[in-house]
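J.: There's a structure below that I have some questions on.
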Amino acid sequence: MKYRKLGKTNFEVSEISIGTWQLGGGWGVAFNEKTAESILDAAAAQGINFVDTADVYNDGQSEIQIGKLLKKHGFRIYVASKAGRGLNPHTAAGYTPANVQGFIENSLRRLKLDCLDLIQLHCPPTEVYYEPELFFALERMKEKGLIRHYGVSVKKVEEALKAMDYPGLATVQIIFNMFRQRPAENFFKKAAEKNVGIIVRLPLASGLLTGNYKIDTVFNPNDHRFNNREGQISEKGETFSGVNYELGLKAVDELKALFPKRGLAEAALKFILMHNEVSCVIPGASRASQIESNAKVSDAAELSEAEMKAVRDIYDKYIRNPVHYLW
């Protein structure tokens, strides 16, 4: 496993890390404590030392499981959580310093920690990025010792660029993959200039970039890939990176042909790591074997310049026009 610096945090984190949305539902599979434990143990065994979670993942069960993980392993594991999506309604007005501090304190109790390595505002409405008082309050929470660093998880590139106006911002979590390439155009350069760490989420476009799905694949009715393709439940861009499923499959066919030996999932993760500005990528997992295969990508061969160009060409052919400027 290779490690990279996470922006202003100066944490050296595994370039392949783990996101734990799957541990908390939303994928059509009920939460299972033993499965969650095996996934997290596999991550530690592979040298993964950065875990991303959120307070709303299965009403805090993801954080509880991560708290147990921290007690079991002897090496430093960094924990990033997210706050804000528990607001009901989820509006900008709810992102008050008091509410955010309350979310952080609840996360600390579930994780059994005194201080959280990184708290991220969880895809708040765009207006929140224009509320400096909240970011000043996060600085005060650092001074109190509740958090070591703070960042944002964003829906749009424009939100990421605005958030970086706040000098204390340590990280931005953003969707970036073969089907969502806009962040590499401008944001990556700006983040590097400001020493802001980049955490890449949904690197496999909700599994579409594994190459395992077909036109007749049936998803569980409780799976967001079934019930959120047009944004019925939450932000449309969170499911298949906002790409139309049928169109995405056409692009996947060409991508699979481009990488017949290494496999599409490996190529998709390596494509992200080819961008040096990225600090880490946080694929999820529903079983331990997926952790093991993801971790191997760190030491896999790099993509060639010709392969990188071919990926961009396929993106331009199928994805750019309908998706590029939406997020």
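Residues are named by chain letter and number: chains run A, B, ... in the order of the structure tokens, numbers start at 1 in each chain, and ligands are numbered from 1 in the order shown.
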Within 12 Å of stretch 222-246 of chain A, which residues of stretch 69-145 of chain A show up? Give each one with its shortest atom-to-atom distance in Å (one decimal) and the two atoms involved, counting only C-alpha atoms, rows by chain then rising residue number, as JSON lines.
T.:
{"residue": "A:Arg85", "atom": "CA", "partner": "A:Ser234", "partner_atom": "CA", "distance": 10.7}
{"residue": "A:His90", "atom": "CA", "partner": "A:Ser234", "partner_atom": "CA", "distance": 10.8}
{"residue": "A:Cys123", "atom": "CA", "partner": "A:Glu235", "partner_atom": "CA", "distance": 9.5}
{"residue": "A:Pro124", "atom": "CA", "partner": "A:Glu235", "partner_atom": "CA", "distance": 11.2}
{"residue": "A:Pro125", "atom": "CA", "partner": "A:Glu235", "partner_atom": "CA", "distance": 11.0}
J.: Please write the residues from the selection above to a file, keeping N, CA and C atoms, as a compact mmCIF listing (two decimals), in the first residue's frame.
T.:
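The result, written out as again.txt:
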# COMPACT_ATOMS: atom_id res chain seq x y z
N ARG A 85 -26.43 15.96 7.19
CA ARG A 85 -27.53 15.33 6.46
C ARG A 85 -28.64 14.86 7.38
N HIS A 90 -33.49 19.33 5.38
CA HIS A 90 -32.07 19.59 5.10
C HIS A 90 -31.97 20.90 4.34
N CYS A 123 -22.35 17.55 2.13
CA CYS A 123 -23.08 18.02 0.94
C CYS A 123 -24.19 19.01 1.31
N PRO A 124 -23.82 20.10 1.98
CA PRO A 124 -24.83 21.08 2.36
C PRO A 124 -25.35 21.85 1.15
N PRO A 125 -26.49 22.53 1.29
CA PRO A 125 -26.95 23.41 0.21
C PRO A 125 -25.87 24.44 -0.13
J.: Write out as a list of chain:residue names all residues of stretch 105-321 of chain A that DSSP puts in strand (DSSP E) for this structure's backbone.
T.: A:Leu116, A:Asp117, A:Leu118, A:Ile119, A:Gln120, A:Leu121, A:His122, A:Ile147, A:Arg148, A:His149, A:Tyr150, A:Gly151, A:Val152, A:Ser153, A:Thr171, A:Val172, A:Gln173, A:Ile174, A:Ile175, A:Gly197, A:Ile198, A:Ile199, A:Val200, A:Arg201, A:Cys280, A:Val281
J.: Could you give me, as JSON, numbers by chain, the residues within 12 Å of A:Ile272, counting only C-alpha atoms and dropping anything in the same chain fewer than 2 positions from it?
T.: {"A": [15, 16, 174, 175, 176, 177, 178, 179, 180, 181, 183, 184, 188, 198, 199, 200, 201, 202, 203, 204, 265, 266, 267, 268, 269, 270, 274, 275, 276, 277, 278, 279, 280, 281, 282, 283, 297, 298, 302, 303, 308, 311]}
J.: Can you tell me which residues surround A:Gly86 at a distance of at most 8 Å, considering only C-alpha atoms, apart from same-chain residues fewer than 2 positions away, and format the answer as a list in words?
T.: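 Near A:Gly86, the qualifying residues are Asp55, Val56, Ala83, Gly84, Asn88 and His90 of chain A.
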J.: Please, could you write that set of residues out with C-alpha atoms as an mmCIF file, in the first residue's frame?
T.:
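Contents of part-v9.cif, as written:
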data_model
loop_
_atom_site.group_PDB
_atom_site.id
_atom_site.type_symbol
_atom_site.label_atom_id
_atom_site.label_comp_id
_atom_site.auth_asym_id
_atom_site.auth_seq_id
_atom_site.Cartn_x
_atom_site.Cartn_y
_atom_site.Cartn_z
ATOM 1 C CA ASP A 55 -23.428 10.223 11.237
ATOM 2 C CA VAL A 56 -26.451 9.278 9.110
ATOM 3 C CA ALA A 83 -22.318 16.058 9.553
ATOM 4 C CA GLY A 84 -25.450 17.825 8.404
ATOM 5 C CA ASN A 88 -34.860 17.599 8.720
ATOM 6 C CA HIS A 90 -32.071 19.589 5.097
#
J.: Write out as a ChimeraX atom specification the set of residues from stretch 87-271 of chain A that DSSP, computed on the backbone, places in helix (DSSP H, G or I).
T.: /A:92-94,97-111,126-130,132-144,157-163,182-184,187-193,208-210,224-227,236-238,240-242,245-258,264-271
J.: Give me a file of those residues, with C-alpha atoms, as a compact mmCIF listing (two decimals), in the first residue's frame.
T.:
# COMPACT_ATOMS: atom_id res chain seq x y z
CA ALA A 92 -29.06 25.93 4.78
CA ALA A 93 -30.77 27.45 7.81
CA GLY A 94 -30.06 24.28 9.79
CA PRO A 97 -22.67 26.34 14.70
CA ALA A 98 -24.73 24.85 17.52
CA ASN A 99 -26.27 22.16 15.33
CA VAL A 100 -22.96 21.20 13.74
CA GLN A 101 -21.24 21.03 17.12
CA GLY A 102 -24.04 18.81 18.39
CA PHE A 103 -23.59 16.46 15.44
CA ILE A 104 -19.85 16.29 16.13
CA GLU A 105 -20.36 15.53 19.81
CA ASN A 106 -22.79 12.73 18.95
CA SER A 107 -20.30 11.25 16.48
CA LEU A 108 -17.57 11.34 19.11
CA ARG A 109 -19.78 9.41 21.52
CA ARG A 110 -20.51 6.71 18.94
CA LEU A 111 -16.87 6.46 17.91
CA THR A 126 -24.82 25.76 -1.85
CA GLU A 127 -25.78 28.77 0.31
CA VAL A 128 -23.87 27.28 3.25
CA TYR A 129 -20.55 27.88 1.51
CA TYR A 130 -21.32 31.59 1.65
CA PRO A 132 -18.36 32.47 6.90
CA GLU A 133 -19.63 32.31 10.48
CA LEU A 134 -20.01 28.53 10.25
CA PHE A 135 -16.41 28.14 9.08
CA PHE A 136 -15.23 30.49 11.83
CA ALA A 137 -17.13 28.28 14.28
CA LEU A 138 -15.33 25.20 12.96
CA GLU A 139 -12.06 26.96 13.74
CA ARG A 140 -13.27 27.47 17.31
CA MET A 141 -14.17 23.77 17.53
CA LYS A 142 -10.58 23.00 16.57
CA GLU A 143 -9.40 25.25 19.40
CA LYS A 144 -11.73 23.42 21.81
CA VAL A 157 -17.02 21.81 -8.42
CA GLU A 158 -18.21 25.38 -7.83
CA GLU A 159 -18.90 24.53 -4.17
CA ALA A 160 -15.41 23.08 -3.80
CA LEU A 161 -13.82 26.21 -5.23
CA LYS A 162 -15.84 28.46 -2.93
CA ALA A 163 -15.06 26.37 0.16
CA ARG A 182 -14.70 17.87 -14.60
CA PRO A 183 -12.84 18.24 -11.25
CA ALA A 184 -9.51 17.60 -13.03
CA PHE A 187 -10.27 22.30 -9.18
CA PHE A 188 -7.35 19.89 -8.80
CA LYS A 189 -4.81 22.60 -9.61
CA LYS A 190 -6.41 25.08 -7.22
CA ALA A 191 -6.54 22.50 -4.42
CA ALA A 192 -2.84 21.71 -4.85
CA GLU A 193 -1.99 25.41 -4.74
CA LEU A 208 -21.22 0.89 -12.91
CA LEU A 209 -17.48 1.09 -13.54
CA THR A 210 -16.88 -2.42 -12.27
CA HIS A 224 -30.47 3.76 -4.43
CA ARG A 225 -29.41 2.38 -7.82
CA PHE A 226 -33.02 1.31 -8.27
CA ASN A 227 -34.94 4.18 -6.72
CA LYS A 236 -29.25 12.52 -8.73
CA GLY A 237 -25.50 12.84 -9.16
CA GLU A 238 -24.91 10.46 -6.25
CA PHE A 240 -24.14 6.28 -11.23
CA SER A 241 -22.45 9.70 -11.06
CA GLY A 242 -25.59 11.13 -12.66
CA TYR A 245 -27.76 3.83 -16.87
CA GLU A 246 -28.25 2.64 -20.44
CA LEU A 247 -25.83 5.24 -21.83
CA GLY A 248 -23.33 4.33 -19.15
CA LEU A 249 -23.41 0.69 -20.17
CA LYS A 250 -22.46 1.64 -23.74
CA ALA A 251 -19.44 3.56 -22.45
CA VAL A 252 -18.58 0.68 -20.11
CA ASP A 253 -18.46 -1.74 -23.04
CA GLU A 254 -15.80 0.37 -24.73
CA LEU A 255 -13.87 0.82 -21.49
CA LYS A 256 -13.87 -2.93 -20.87
CA ALA A 257 -12.46 -3.49 -24.34
CA LEU A 258 -9.71 -0.99 -23.54
CA LEU A 264 -12.29 -2.30 -15.53
CA ALA A 265 -12.59 -1.85 -11.75
CA GLU A 266 -8.81 -1.86 -11.32
CA ALA A 267 -8.37 0.50 -14.27
CA ALA A 268 -11.04 2.86 -12.93
CA LEU A 269 -9.35 3.16 -9.54
CA LYS A 270 -5.90 3.52 -11.10
CA PHE A 271 -7.22 6.23 -13.44
J.: One decimal, Å: what's the distance from atom CA of A:Arg148 over to atom CA of A:Gly19, could you say?
T.: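 Straight-line distance from atom CA of A:Arg148 to atom CA of A:Gly19 works out to 19.6 Å.
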J.: Residues near A:Leu121, anyone? I mean within 6 Å using only C-alpha atoms, not counting same-chain ones fewer than 5 positions away, as number ranges by chain.
T.: A: 82-83, 152-153
J.: Please indicate the distance in Å from atom CA of A:Tyr150 to atom CA of A:Ile48, rounded to one decimal place.
T.: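 Computing the Euclidean distance for atom CA of A:Tyr150 and atom CA of A:Ile48 yields 20.8 Å.
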J.: Write out as a PyMOL selection string each polymer residue whose atoms come within 8 Å of A:Ala80, counting only C-alpha atoms; drop sequence neighbours fewer than 6 positions from it.
T.: chain A and resi 50-54+116-120
J.: Got a sec: who's within 9 Å of A:Arg76, counting only C-alpha atoms, leaving out chain neighbours fewer than 3 positions off, as a list in words?
T.: Asn49, Phe50, Leu70 and His73 of chain A
J.: Would you write out those residues with N, CA and C atoms, as an mmCIF file, in the first residue's frame?
T.:
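Output contents, as saved in selection_10.cif:
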data_model
loop_
_atom_site.group_PDB
_atom_site.id
_atom_site.type_symbol
_atom_site.label_atom_id
_atom_site.label_comp_id
_atom_site.auth_asym_id
_atom_site.auth_seq_id
_atom_site.Cartn_x
_atom_site.Cartn_y
_atom_site.Cartn_z
ATOM 1 N N ASN A 49 -5.500 2.977 6.339
ATOM 2 C CA ASN A 49 -5.461 3.700 7.612
ATOM 3 C C ASN A 49 -6.334 4.952 7.625
ATOM 4 N N PHE A 50 -7.250 5.052 6.648
ATOM 5 C CA PHE A 50 -8.172 6.188 6.601
ATOM 6 C C PHE A 50 -9.563 5.663 6.315
ATOM 7 N N LEU A 70 -11.182 0.735 15.999
ATOM 8 C CA LEU A 70 -10.062 1.503 16.534
ATOM 9 C C LEU A 70 -9.479 0.862 17.784
ATOM 10 N N HIS A 73 -6.872 -2.547 16.665
ATOM 11 C CA HIS A 73 -5.655 -2.550 15.859
ATOM 12 C C HIS A 73 -4.618 -1.582 16.416
#
J.: Could you please determine the separation between atom CA of A:Asn294 and atom CA of A:Ser17 in Å, to one decimal place?
T.: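 That distance, rounded to one decimal, is 8.9 Å.
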